[in-house]
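I have placed the structure first, in the form of structure tokens, so that the comments after it can refer back to it.
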Amino acid sequence: MFYVSVFFQYMAQYMKTKLQYRADLFVEFLSDLMFQSVNLIFILVVFGHTTLLHGWTRDEMIFIYGFFLVPFALFGAFFNIWDFNERYIVRGEMDRVLTRPVHSLFQIILERMELESLVGGVTGMIIMGYASARLHLEFHWYDFFLFLLFALGGMLVYAGVFISLATISFWSDARSSIMPMMYNISNYGRYPIDIYNRVIRYILTWILPFAFVGVYPSAYFLGKKEWYGYAFLTPVIGLVFFMIAVMLWNKGVKRYRGAGN
Amino acid sequence: MHAIEVEKLRKEFKVHSSRSGLMGAFRDLFTRNYKTIRAVDDISFTVKQGEMVGYIGENGAGKSTTIKMLTGILTPTAGKVIVNGMNPHKEREAFVRTIGVVFGQRSQLWWDIAVQESFRLLKKVYRVSDKEYKEHMEHVIETLDIGPLLDKPVRKLSLGQRMRCELAAALIHNPPLLFLDEPTIGLDVLVKLKIRQFLKEINEKYKTTILLTTHDIADIEALCERVIMLDEGKIIYDGSLQRLKENWGEGKQVQFTFATEVTEEELCALTYDIKATWRKEETNSWVAHVAPLHVSDVISRIVARYDIQDINIDEMSTEEIIRNIYEEGVVHG
């Protein structure tokens, strides 16, 4: 309960800060919108050339991409920890975080909140709407809640992997390029999983489970019964990976060395 | 109850020392040389509730490392730390609610938002009720004279203004123990005075224990009865400032500016029976260090003999005492 109220306090503060820079806000909104529409056109062009891929139609692949954008936007909005090493370890901001009576990871998530990213989620929904109209998909009332559950699960998968990577900074002070690399790998999750060979499929399912951000959950909405088991695993995998990440974090904080003055 | 209890506290850092040259860098790829550095070396001390303690030492002596262990930021390598009856890094979240921390070189406030918004966030984070906040903070804001700054964003404040706000922010939850790491660094004299006066006041009013590190000895003189002096991770002095002065700072300094050049031999010969020691400051300026009893004697002898342009009589400053201690390395008496 305390954490929820702290969350809203930070959120309100975030809005206030953003509203202070009116011009910035406007420009940012415009550029986000433009970025997203370019994205949309790009997808239509790319997928325009393919019709069938291992039994997946063009519209199904567009749907997967649309779905993927939603957990990805949630992740971008709430787990903006790309520069964790730089900002918190090298510059020593972690000192300040550790002198406050709220869990350190939670504080950092709140401080780095980037709600504009949520616009990407809206694009995702539009894409999904477009694809499902062409596929004549039918939805039930409970599908909405499953959608939420799967989107959150996907977000947790992302968060789990990237938080785990951020904790490396506690053990080694060298900066590494592993984050952008992982970002590239994560993109594979938005294509139908059975186009890959078995090893890559295994990796994307159990080790770096990015398939749970795109293909698996979308398979449920596309009515692909053979993938239902994986689809329903999405929130479980999300929770497991997120919990592992939090454990690593708690261990890492004990090793924090601080930055000299 | 003791506010702080530290026993045989130690913190070691493993640092990687790189070899020189290209070949060295290549060898570093395979086998690395690690050196263990003891930043804090088995120190023990206790601080009573309501005490104001100055924690001093040169750069790299281990002050900040100690403070970071006492505040739960760093985990000690060995030893016992009990602060406010708790183990700082084990019960971090419950523990930090009972302390206030100000790092002079690092801001606790949010850069972009108005000061009062930062306060509001901290009030939430520390779970301070509206009533407590009003009672306590109104007074703090008034004494530190930051009322007019509250609606300005932190980035628009001057260093002195910001520091006063930082101090207020550290006190939102009215902690019984306050850690100040160089709170007056880079501030002008007036702000320094205001901050010292404020710290004294809260110490008297709430019996707040204060541990502060500083490079400005005047802070210590104004606030602390007790100093803990650190050198290379070890405590070399722990006791009252008064005693430090008595043991080290006996005697006065008399500074003469001569009209003509003089030599040390001449001066020493003139004052050998009253054991004055001479030190050259500038070309024609010399300082005699003598027992208070002999001050007038020295002056009369010198004035009778030489043409004098200027005379100053000073006490040994604390700064000088401390410099002497560091030069000799140990504390006697």
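Labeling convention for the structure tokens: chains A, B, ... as they appear, residues from 1 per chain, ligands from 1 in order of appearance.
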DSSP on the backbone, then: every residue of region 69-144 of chain B marked strand (DSSP E), written as JSON, numbers by chain. {"B": [78, 79, 80, 81, 82, 83, 99, 100, 101, 102, 103]}
Contact residues (chain A, partner chain B, 7 Å, only C-alpha atoms) as a PyMOL selection string: chain A and resi 6+9+17+95-96+98-102+254+256-257
Skipping near chain neighbours, those fewer than 6 positions away, what residues fall within 10 Å of Ser132 (chain A) using only C-alpha atoms, listed as a PyMOL selection string? chain A and resi 59-60+62-63+126+138-139+221-222
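Taking only C-alpha atoms into account, Gln13 (chain A) lies nearest to A:Leu110 out of the set A:Leu110, A:Phe144, A:Val213, A:Leu204.
Near His294 (chain B), within 12 Å and counting only C-alpha atoms, sit Gly251, Lys252, Gln253, Val254, Thr271, Tyr272, Asp273, Ile274, Lys275, Ala276, Ala288, His289, Val290, Val298, Ile299, Ser300 and Arg301 of chain B; same-chain residues fewer than 4 positions away were not included.
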How would the residues just picked look written out with C-alpha atoms as a short mmCIF file (atom, residue, chain, number, x, y, z; two decimals), in the first residue's frame?
```cif
data_model
loop_
_atom_site.label_atom_id
_atom_site.label_comp_id
_atom_site.auth_asym_id
_atom_site.auth_seq_id
_atom_site.Cartn_x
_atom_site.Cartn_y
_atom_site.Cartn_z
CA GLY B 251 52.39 29.06 23.41
CA LYS B 252 51.83 32.01 21.18
CA GLN B 253 53.12 33.13 17.89
CA VAL B 254 54.67 36.53 17.46
CA THR B 271 66.36 34.66 22.46
CA TYR B 272 68.16 31.40 23.28
CA ASP B 273 67.48 31.54 27.03
CA ILE B 274 63.68 31.76 26.62
CA LYS B 275 63.50 28.89 24.12
CA ALA B 276 61.87 30.68 21.24
CA ALA B 288 58.58 33.30 16.91
CA HIS B 289 56.85 30.50 18.77
CA VAL B 290 57.18 31.10 22.52
CA VAL B 298 60.72 38.54 23.08
CA ILE B 299 59.10 41.70 21.83
CA SER B 300 61.20 44.01 23.98
CA ARG B 301 64.44 42.30 22.99
#
```
With a distance cut-off of 12 Å and only C-alpha atoms, select the neighbouring residues of region 55-57 of chain A, excluding the residue or stretch itself and same-chain residues fewer than 2 positions from it, and output the selection as a ChimeraX atom specification. /A:47-53,59-64,131,134-135,191-195,215,218-219,222-224
Quick check for you: according to DSSP on this backbone, which residues of region 297-328 of chain B are classed as helix (DSSP H, G or I)? Reply as a ChimeraX atom specification. /B:297-305,318-328
Write out as a ChimeraX atom specification which residues come within 9 Å of region 87-91 of chain A when counting only C-alpha atoms, dropping same-chain ones fewer than 4 positions away. /A:83,95,97,108,169-170,173,256-259
Convert the current residue selection to file output with N, CA and C atoms, as a short mmCIF file (atom, residue, chain, number, x, y, z; two decimals), in the first residue's frame.
```cif
data_model
loop_
_atom_site.label_atom_id
_atom_site.label_comp_id
_atom_site.auth_asym_id
_atom_site.auth_seq_id
_atom_site.Cartn_x
_atom_site.Cartn_y
_atom_site.Cartn_z
N ASP A 83 20.92 3.50 -18.64
CA ASP A 83 22.12 4.20 -18.19
C ASP A 83 22.38 4.00 -16.70
N ASP A 95 24.41 6.30 -3.88
CA ASP A 95 24.56 6.71 -2.48
C ASP A 95 23.27 7.32 -1.95
N VAL A 97 20.24 7.15 -3.25
CA VAL A 97 19.14 6.19 -3.27
C VAL A 97 19.17 5.31 -2.02
N ILE A 108 14.70 3.70 -8.17
CA ILE A 108 15.32 4.00 -9.46
C ILE A 108 14.30 3.91 -10.58
N SER A 169 26.81 -4.28 -13.13
CA SER A 169 27.57 -3.10 -12.71
C SER A 169 28.01 -3.18 -11.25
N PHE A 170 27.30 -3.94 -10.44
CA PHE A 170 27.69 -4.04 -9.03
C PHE A 170 28.96 -4.89 -8.87
N ASP A 173 33.13 -2.85 -12.61
CA ASP A 173 32.87 -1.45 -12.92
C ASP A 173 33.16 -1.11 -14.38
N TYR A 256 27.93 -3.06 -3.53
CA TYR A 256 28.11 -1.71 -4.04
C TYR A 256 29.31 -1.05 -3.35
N ARG A 257 30.18 -0.46 -4.15
CA ARG A 257 31.42 0.11 -3.59
C ARG A 257 31.39 1.61 -3.44
N GLY A 258 30.40 2.22 -4.07
CA GLY A 258 30.32 3.66 -3.97
C GLY A 258 31.33 4.33 -4.88
N ALA A 259 31.11 5.59 -5.15
CA ALA A 259 32.05 6.35 -5.96
C ALA A 259 32.79 7.30 -5.05
#
```
As a check of understanding: the span from CA of Gly252 (chain A) to CA of Arg19 (chain B) is 28.5 Å
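Proximity to Ile185 (chain A) at 12 Å, evaluated using only C-alpha atoms and with sequence-adjacent residues fewer than 3 positions away removed, yields A:Tyr158, A:Val161, A:Phe162, A:Ile178, A:Met179, A:Pro180, A:Met181, A:Met182, A:Tyr188, A:Gly189, A:Arg190, A:Tyr191, A:Ile200, A:Ile203, A:Leu204, A:Ile207, A:Leu208, A:Pro209, A:Phe210, A:Ala211.
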Just N, CA and C atoms for this one: save the residues we selected as a CSV table (one decimal), in the first residue's frame.
```
chain,number,residue,atom,x,y,z
A,158,TYR,N,11.0,-8.7,-20.1
A,158,TYR,CA,11.9,-7.7,-20.5
A,158,TYR,C,12.6,-7.1,-19.2
A,161,VAL,N,15.2,-9.5,-17.6
A,161,VAL,CA,16.5,-9.6,-18.3
A,161,VAL,C,17.3,-8.4,-18.2
A,162,PHE,N,16.7,-7.2,-18.4
A,162,PHE,CA,17.5,-6.0,-18.4
A,162,PHE,C,17.9,-5.6,-17.0
A,178,ILE,N,26.8,-5.0,-23.5
A,178,ILE,CA,25.9,-6.1,-23.5
A,178,ILE,C,24.5,-5.7,-23.7
A,179,MET,N,24.1,-4.5,-23.1
A,179,MET,CA,22.8,-4.0,-23.2
A,179,MET,C,22.2,-3.8,-24.6
A,180,PRO,N,23.0,-3.1,-25.5
A,180,PRO,CA,22.5,-3.0,-26.9
A,180,PRO,C,22.4,-4.3,-27.6
A,181,MET,N,23.4,-5.2,-27.3
A,181,MET,CA,23.4,-6.5,-27.9
A,181,MET,C,22.1,-7.3,-27.5
A,182,MET,N,21.8,-7.2,-26.2
A,182,MET,CA,20.6,-7.9,-25.7
A,182,MET,C,19.3,-7.3,-26.4
A,188,TYR,N,14.2,-10.7,-31.8
A,188,TYR,CA,13.8,-11.9,-32.4
A,188,TYR,C,12.5,-12.5,-31.9
A,189,GLY,N,12.1,-12.0,-30.7
A,189,GLY,CA,10.8,-12.5,-30.1
A,189,GLY,C,9.6,-12.0,-30.9
A,190,ARG,N,9.7,-11.1,-31.8
A,190,ARG,CA,8.5,-10.6,-32.5
A,190,ARG,C,8.3,-11.3,-33.8
A,191,TYR,N,9.0,-12.4,-34.1
A,191,TYR,CA,8.8,-13.1,-35.3
A,191,TYR,C,8.3,-14.5,-34.9
A,200,ILE,N,18.0,-22.0,-31.2
A,200,ILE,CA,17.5,-20.6,-31.0
A,200,ILE,C,16.1,-20.6,-30.4
A,203,ILE,N,16.6,-21.2,-26.7
A,203,ILE,CA,17.1,-20.1,-26.0
A,203,ILE,C,16.0,-19.0,-25.9
A,204,LEU,N,15.3,-18.7,-26.9
A,204,LEU,CA,14.3,-17.7,-26.8
A,204,LEU,C,13.1,-18.0,-25.9
A,207,ILE,N,15.9,-19.3,-21.9
A,207,ILE,CA,17.0,-18.7,-21.4
A,207,ILE,C,16.9,-17.2,-21.4
A,208,LEU,N,16.7,-16.7,-22.6
A,208,LEU,CA,16.3,-15.3,-22.8
A,208,LEU,C,14.9,-15.2,-23.4
A,209,PRO,N,13.9,-15.4,-22.5
A,209,PRO,CA,12.6,-15.8,-23.0
A,209,PRO,C,11.8,-14.6,-23.8
A,210,PHE,N,12.5,-14.1,-24.8
A,210,PHE,CA,11.8,-13.0,-25.5
A,210,PHE,C,10.6,-13.4,-26.3
A,211,ALA,N,10.5,-14.7,-26.6
A,211,ALA,CA,9.4,-15.2,-27.3
A,211,ALA,C,8.1,-15.0,-26.6
```
